[in-house]
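> Right, I'll just put the structure down here and ask away after.
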Amino acid sequence: MPEPAAEVTVSYPAGSSPPGRARLALPRADRREIAAIFAGGAIGTVARAALAEAFPHSATEWPWPTFGVNIVAAFLVGYFVTRLQERLPLSSYRRPLLGTGLCGGLSTFSTMQVEILKMLSAHAWGLAAGYIAASIVAGYAAIHLATALVRRVRVRR
Amino acid sequence: MNVLIWVAVALIGGAGSVARFLVDGAISSAVGRDFPFGTMAVNISGAVILGLLTGLALGHGEALLAGTAAVGSYTTFSTWMLETQRLTEERQYRTAVLNVVVSLALGVAAAAVGRLIGAQL
């Protein structure tokens with residue numbers, strides 16, 4: 001009998017360090033996982049950089065390249081992570097390749113923040129507010145939609 | 001724009017993504033995973049560095065490699081949104097809103113401070 005999807009929560013493993021003795025430590029990662037993140041990140045970054053180069057814009061224009069890759073990456077990460085956690089058998093490299101690597105490399109937070117800063121510096125208040133609101137609403141909606149799409153498909157065991 | 005630049009973009013983008021994974025993991029295992037501090041730390045530190053690079057007023061090629069490729073791949077929008085959406089699924093609405101608002105406020109502030117420092121250098 002399939003498990004109800006609502007029981008499956010975020011991928012965080014519980015209790016990784018004892019309280020009071022928290023120390024900075026590199027996570028244990030195998031080479032295959034690192035290689036998968038590297039490969040996915042390389043592809044995602046090239047796609048994002050190519051779009052940024054192809055569609056340059058001034059500080060007071062809507063930043064379509066960043067907005068576009070961020071929303072697409074949000075949809076993809078919602079799709080991949082939900083499918084990998086709730087629909088497909090355990091895999092050690094698909095999530096690092098597709099989620100952490102591809103979607104992480106494709107999307108960017110820092111560029112978005114600098115774009116907002118430049119809008120504020122140019123006193124384009126409405127543009128800055130609209131860009132922030134549209135990114136959050138569309139990003140959240142994209143993940144919600146992708147997650148719902150994956151969960152509509154019944155689990156096959 | 002030659003092929004070599006794009007090979008460099010790919011390699012730097014891969015390295016930036018691995019750096020994000022390692023920093024996120026280190027922060028998350030140190031301070032716990034009830035709140036996505038790892039992603040926030042990555043994103044805020046990336047915003048300050050990209051702000052600094054913006055203040056430096058680099059040439060086009062340098063900005064592409066150091067800014068778009070390195071810092072752009074190091075930070076993430078998709079994981080930030082995924083973690084926010086998963087928090088709302090667990091009905092942790094206050095934490096989800098906090099994750100969005102604090103990241104944005106600190107992100108823009110970090111970029112502004114970085115740009116100020118960069119302009120002084």
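Numbering starts fresh at 1 for the residues of each chain in the structure tokens, the chains themselves are lettered A, B, ... in the order given, and ligands are numbered from 1 as they appear.
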Could you give me, as JSON lines, a per-residue list for chain B showing, wherever an atom lies at most 8 Å from an atom of chain A, the closest pair of atoms and their distance in Å to one decimal, using only C-alpha atoms and sorting by chain then residue number from low to high?

```
{"residue": "B:Trp6", "atom": "CA", "partner": "A:Val46", "partner_atom": "CA", "distance": 7.1}
{"residue": "B:Val9", "atom": "CA", "partner": "A:Val46", "partner_atom": "CA", "distance": 6.2}
{"residue": "B:Ala10", "atom": "CA", "partner": "A:Ala42", "partner_atom": "CA", "distance": 4.2}
{"residue": "B:Leu11", "atom": "CA", "partner": "A:Ala42", "partner_atom": "CA", "distance": 6.0}
{"residue": "B:Ile12", "atom": "CA", "partner": "A:Ala42", "partner_atom": "CA", "distance": 7.3}
{"residue": "B:Gly13", "atom": "CA", "partner": "A:Ala42", "partner_atom": "CA", "distance": 4.7}
{"residue": "B:Gly14", "atom": "CA", "partner": "A:Phe38", "partner_atom": "CA", "distance": 4.0}
{"residue": "B:Ala15", "atom": "CA", "partner": "A:Phe38", "partner_atom": "CA", "distance": 6.1}
{"residue": "B:Gly16", "atom": "CA", "partner": "A:Gly41", "partner_atom": "CA", "distance": 7.6}
{"residue": "B:Ser17", "atom": "CA", "partner": "A:Gly41", "partner_atom": "CA", "distance": 5.3}
{"residue": "B:Val18", "atom": "CA", "partner": "A:Phe38", "partner_atom": "CA", "distance": 5.9}
{"residue": "B:Phe21", "atom": "CA", "partner": "A:Thr100", "partner_atom": "CA", "distance": 7.2}
{"residue": "B:Leu22", "atom": "CA", "partner": "A:Leu26", "partner_atom": "CA", "distance": 6.3}
{"residue": "B:Val23", "atom": "CA", "partner": "A:Leu26", "partner_atom": "CA", "distance": 7.7}
{"residue": "B:Gly25", "atom": "CA", "partner": "A:Pro27", "partner_atom": "CA", "distance": 5.5}
{"residue": "B:Ala26", "atom": "CA", "partner": "A:Leu26", "partner_atom": "CA", "distance": 5.0}
{"residue": "B:Ile27", "atom": "CA", "partner": "A:Leu24", "partner_atom": "CA", "distance": 6.6}
{"residue": "B:Ser29", "atom": "CA", "partner": "A:Ser16", "partner_atom": "CA", "distance": 6.0}
{"residue": "B:Ala30", "atom": "CA", "partner": "A:Ala22", "partner_atom": "CA", "distance": 4.9}
{"residue": "B:Val31", "atom": "CA", "partner": "A:Ala22", "partner_atom": "CA", "distance": 6.7}
{"residue": "B:Gly32", "atom": "CA", "partner": "A:Ser16", "partner_atom": "CA", "distance": 7.6}
{"residue": "B:Arg33", "atom": "CA", "partner": "A:Tyr12", "partner_atom": "CA", "distance": 6.7}
{"residue": "B:Asn43", "atom": "CA", "partner": "A:Phe109", "partner_atom": "CA", "distance": 6.1}
{"residue": "B:Ile44", "atom": "CA", "partner": "A:Ser110", "partner_atom": "CA", "distance": 7.7}
{"residue": "B:Gly46", "atom": "CA", "partner": "A:Ser110", "partner_atom": "CA", "distance": 5.7}
{"residue": "B:Ala47", "atom": "CA", "partner": "A:Ser110", "partner_atom": "CA", "distance": 4.4}
{"residue": "B:Leu50", "atom": "CA", "partner": "A:Ser110", "partner_atom": "CA", "distance": 6.4}
{"residue": "B:Gly51", "atom": "CA", "partner": "A:Val114", "partner_atom": "CA", "distance": 6.3}
{"residue": "B:Leu64", "atom": "CA", "partner": "A:Ala49", "partner_atom": "CA", "distance": 7.5}
{"residue": "B:Thr68", "atom": "CA", "partner": "A:Ala49", "partner_atom": "CA", "distance": 6.2}
{"residue": "B:Ala69", "atom": "CA", "partner": "A:Thr45", "partner_atom": "CA", "distance": 6.1}
{"residue": "B:Val71", "atom": "CA", "partner": "A:Ser110", "partner_atom": "CA", "distance": 7.0}
{"residue": "B:Gly72", "atom": "CA", "partner": "A:Thr108", "partner_atom": "CA", "distance": 5.2}
{"residue": "B:Ser73", "atom": "CA", "partner": "A:Gly105", "partner_atom": "CA", "distance": 4.4}
{"residue": "B:Tyr74", "atom": "CA", "partner": "A:Gly105", "partner_atom": "CA", "distance": 7.2}
{"residue": "B:Thr75", "atom": "CA", "partner": "A:Phe109", "partner_atom": "CA", "distance": 5.3}
{"residue": "B:Thr76", "atom": "CA", "partner": "A:Thr108", "partner_atom": "CA", "distance": 4.5}
{"residue": "B:Phe77", "atom": "CA", "partner": "A:Phe109", "partner_atom": "CA", "distance": 4.9}
{"residue": "B:Ser78", "atom": "CA", "partner": "A:Ala74", "partner_atom": "CA", "distance": 4.4}
{"residue": "B:Thr79", "atom": "CA", "partner": "A:Gly104", "partner_atom": "CA", "distance": 6.8}
{"residue": "B:Met81", "atom": "CA", "partner": "A:Tyr140", "partner_atom": "CA", "distance": 5.9}
{"residue": "B:Leu82", "atom": "CA", "partner": "A:Ile143", "partner_atom": "CA", "distance": 6.4}
{"residue": "B:Glu83", "atom": "CA", "partner": "A:Val10", "partner_atom": "CA", "distance": 8.0}
{"residue": "B:Thr84", "atom": "CA", "partner": "A:Tyr140", "partner_atom": "CA", "distance": 7.7}
{"residue": "B:Gln85", "atom": "CA", "partner": "A:Tyr140", "partner_atom": "CA", "distance": 6.3}
{"residue": "B:Arg86", "atom": "CA", "partner": "A:Val10", "partner_atom": "CA", "distance": 6.5}
{"residue": "B:Glu90", "atom": "CA", "partner": "A:Thr9", "partner_atom": "CA", "distance": 7.7}
{"residue": "B:Leu104", "atom": "CA", "partner": "A:Gln113", "partner_atom": "CA", "distance": 7.5}
{"residue": "B:Gly107", "atom": "CA", "partner": "A:Gln113", "partner_atom": "CA", "distance": 5.9}
{"residue": "B:Val108", "atom": "CA", "partner": "A:Gln113", "partner_atom": "CA", "distance": 5.2}
{"residue": "B:Ala111", "atom": "CA", "partner": "A:Val114", "partner_atom": "CA", "distance": 5.9}
{"residue": "B:Ala112", "atom": "CA", "partner": "A:Leu117", "partner_atom": "CA", "distance": 6.7}
```
> Write a file of the just-selected residues containing N, CA and C atoms, as a compact mmCIF listing (two decimals), in the first residue's frame.

```txt
# COMPACT_ATOMS: atom_id res chain seq x y z
N TRP B 6 33.80 30.10 -22.15
CA TRP B 6 32.62 29.30 -21.78
C TRP B 6 33.01 28.02 -21.08
N VAL B 9 33.47 29.29 -17.66
CA VAL B 9 32.16 29.51 -17.01
C VAL B 9 31.62 28.18 -16.46
N ALA B 10 31.74 27.11 -17.27
CA ALA B 10 31.24 25.80 -16.85
C ALA B 10 32.02 25.28 -15.63
N LEU B 11 33.35 25.36 -15.69
CA LEU B 11 34.17 24.84 -14.58
C LEU B 11 33.93 25.64 -13.30
N ILE B 12 33.90 26.97 -13.44
CA ILE B 12 33.68 27.82 -12.27
C ILE B 12 32.28 27.61 -11.71
N GLY B 13 31.29 27.44 -12.61
CA GLY B 13 29.92 27.19 -12.17
C GLY B 13 29.81 25.87 -11.41
N GLY B 14 30.52 24.86 -11.88
CA GLY B 14 30.55 23.58 -11.16
C GLY B 14 31.16 23.73 -9.79
N ALA B 15 32.27 24.45 -9.73
CA ALA B 15 32.97 24.65 -8.45
C ALA B 15 32.11 25.47 -7.49
N GLY B 16 31.43 26.50 -8.00
CA GLY B 16 30.57 27.32 -7.16
C GLY B 16 29.43 26.50 -6.55
N SER B 17 28.90 25.57 -7.35
CA SER B 17 27.81 24.72 -6.86
C SER B 17 28.30 23.76 -5.78
N VAL B 18 29.50 23.22 -5.96
CA VAL B 18 30.08 22.33 -4.95
C VAL B 18 30.34 23.13 -3.66
N PHE B 21 27.15 23.51 -1.77
CA PHE B 21 26.80 22.26 -1.11
C PHE B 21 27.60 22.08 0.19
N LEU B 22 28.90 22.38 0.14
CA LEU B 22 29.76 22.17 1.31
C LEU B 22 29.45 23.18 2.42
N VAL B 23 29.27 24.45 2.05
CA VAL B 23 28.97 25.48 3.05
C VAL B 23 27.60 25.23 3.67
N GLY B 25 26.01 22.39 3.94
CA GLY B 25 26.11 21.22 4.80
C GLY B 25 26.79 21.52 6.12
N ALA B 26 27.87 22.31 6.06
CA ALA B 26 28.61 22.65 7.28
C ALA B 26 27.76 23.49 8.23
N ILE B 27 27.07 24.50 7.69
CA ILE B 27 26.23 25.37 8.52
C ILE B 27 25.05 24.58 9.08
N SER B 29 24.69 21.38 9.65
CA SER B 29 25.03 20.39 10.67
C SER B 29 25.50 21.08 11.95
N ALA B 30 25.94 22.34 11.85
CA ALA B 30 26.40 23.04 13.05
C ALA B 30 25.24 23.67 13.82
N VAL B 31 24.29 24.28 13.12
CA VAL B 31 23.23 25.02 13.83
C VAL B 31 21.86 24.35 13.75
N GLY B 32 21.78 23.20 13.10
CA GLY B 32 20.51 22.48 13.07
C GLY B 32 19.73 22.76 11.81
N ARG B 33 18.71 21.93 11.57
CA ARG B 33 17.98 22.00 10.30
C ARG B 33 16.51 22.39 10.47
N ASN B 43 23.45 32.35 0.63
CA ASN B 43 22.88 33.44 -0.17
C ASN B 43 23.33 34.82 0.31
N ILE B 44 23.41 35.01 1.62
CA ILE B 44 23.82 36.32 2.13
C ILE B 44 25.31 36.56 1.88
N GLY B 46 27.02 35.26 -0.50
CA GLY B 46 27.14 35.47 -1.95
C GLY B 46 26.72 36.88 -2.35
N ALA B 47 25.67 37.40 -1.69
CA ALA B 47 25.19 38.75 -2.02
C ALA B 47 26.23 39.79 -1.66
N LEU B 50 29.03 39.50 -4.38
CA LEU B 50 28.61 40.05 -5.68
C LEU B 50 28.47 41.57 -5.61
N GLY B 51 28.00 42.09 -4.45
CA GLY B 51 27.95 43.53 -4.24
C GLY B 51 29.34 44.13 -4.33
N LEU B 64 31.76 38.43 -15.88
CA LEU B 64 31.09 37.19 -16.28
C LEU B 64 31.63 36.00 -15.47
N THR B 68 28.80 36.42 -12.57
CA THR B 68 27.74 35.54 -13.09
C THR B 68 28.06 34.06 -12.84
N ALA B 69 29.29 33.64 -13.15
CA ALA B 69 29.61 32.21 -13.02
C ALA B 69 29.87 31.80 -11.58
N VAL B 71 29.88 33.55 -8.31
CA VAL B 71 28.95 33.90 -7.22
C VAL B 71 27.52 33.51 -7.60
N GLY B 72 27.18 33.66 -8.89
CA GLY B 72 25.84 33.30 -9.34
C GLY B 72 25.51 31.83 -9.09
N SER B 73 26.48 30.95 -9.33
CA SER B 73 26.23 29.52 -9.12
C SER B 73 26.30 29.14 -7.65
N TYR B 74 27.09 29.89 -6.89
CA TYR B 74 27.23 29.64 -5.44
C TYR B 74 25.91 29.90 -4.72
N THR B 75 25.21 30.97 -5.11
CA THR B 75 23.92 31.26 -4.47
C THR B 75 22.79 30.56 -5.22
N THR B 76 21.63 30.44 -4.55
CA THR B 76 20.52 29.71 -5.17
C THR B 76 19.18 30.33 -4.83
N PHE B 77 18.34 30.46 -5.83
CA PHE B 77 16.96 30.90 -5.65
C PHE B 77 16.06 29.68 -5.48
N SER B 78 16.36 28.61 -6.26
CA SER B 78 15.46 27.46 -6.31
C SER B 78 15.38 26.74 -4.95
N THR B 79 16.54 26.51 -4.31
CA THR B 79 16.52 25.83 -3.01
C THR B 79 15.85 26.69 -1.94
N MET B 81 13.41 28.81 -2.39
CA MET B 81 11.97 28.71 -2.59
C MET B 81 11.45 27.33 -2.21
N LEU B 82 12.22 26.28 -2.53
CA LEU B 82 11.80 24.92 -2.19
C LEU B 82 11.66 24.77 -0.68
N GLU B 83 12.66 25.26 0.05
CA GLU B 83 12.62 25.15 1.51
C GLU B 83 11.47 25.96 2.09
N THR B 84 11.18 27.11 1.49
CA THR B 84 10.05 27.93 1.94
C THR B 84 8.73 27.19 1.71
N GLN B 85 8.60 26.60 0.52
CA GLN B 85 7.35 25.89 0.19
C GLN B 85 7.17 24.67 1.09
N ARG B 86 8.27 23.95 1.38
CA ARG B 86 8.17 22.77 2.25
C ARG B 86 7.81 23.17 3.68
N GLU B 90 4.43 22.00 5.96
CA GLU B 90 4.44 21.53 7.36
C GLU B 90 3.71 22.51 8.27
N LEU B 104 15.59 38.37 2.06
CA LEU B 104 15.52 39.54 1.18
C LEU B 104 16.15 40.77 1.84
N GLY B 107 19.79 40.19 2.25
CA GLY B 107 20.41 40.07 0.93
C GLY B 107 20.69 41.42 0.30
N VAL B 108 19.68 42.29 0.29
CA VAL B 108 19.86 43.62 -0.29
C VAL B 108 20.85 44.43 0.55
N ALA B 111 24.35 43.18 -0.19
CA ALA B 111 24.81 43.64 -1.49
C ALA B 111 25.22 45.12 -1.41
N ALA B 112 24.45 45.92 -0.65
CA ALA B 112 24.76 47.35 -0.51
C ALA B 112 26.08 47.55 0.22
```
> Using DSSP on the backbone coordinates, identify the residues of stretch 7-117 of chain B assigned to alpha helix (DSSP H); present them as a PyMOL selection string.
chain B and resi 7-31+37-56+60-62+72-74+78-89+93-117
> Could you check the closest approach to A:Arg154 for each of A:Leu88, A:Glu61, A:Asp30, A:Tyr79 and tell me which residue wins, using only C-alpha atoms?
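Smallest separation from A:Arg154 among the options: A:Leu88.
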> Name the closest residue to A:Arg32 among the candidates A:Leu90, A:Leu97, A:Leu51, A:Val150; distances are taken between atoms, counting only C-alpha atoms.
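Checking each of A:Leu90, A:Leu97, A:Leu51, A:Val150 against A:Arg32, counting only C-alpha atoms, the winner is A:Leu97.
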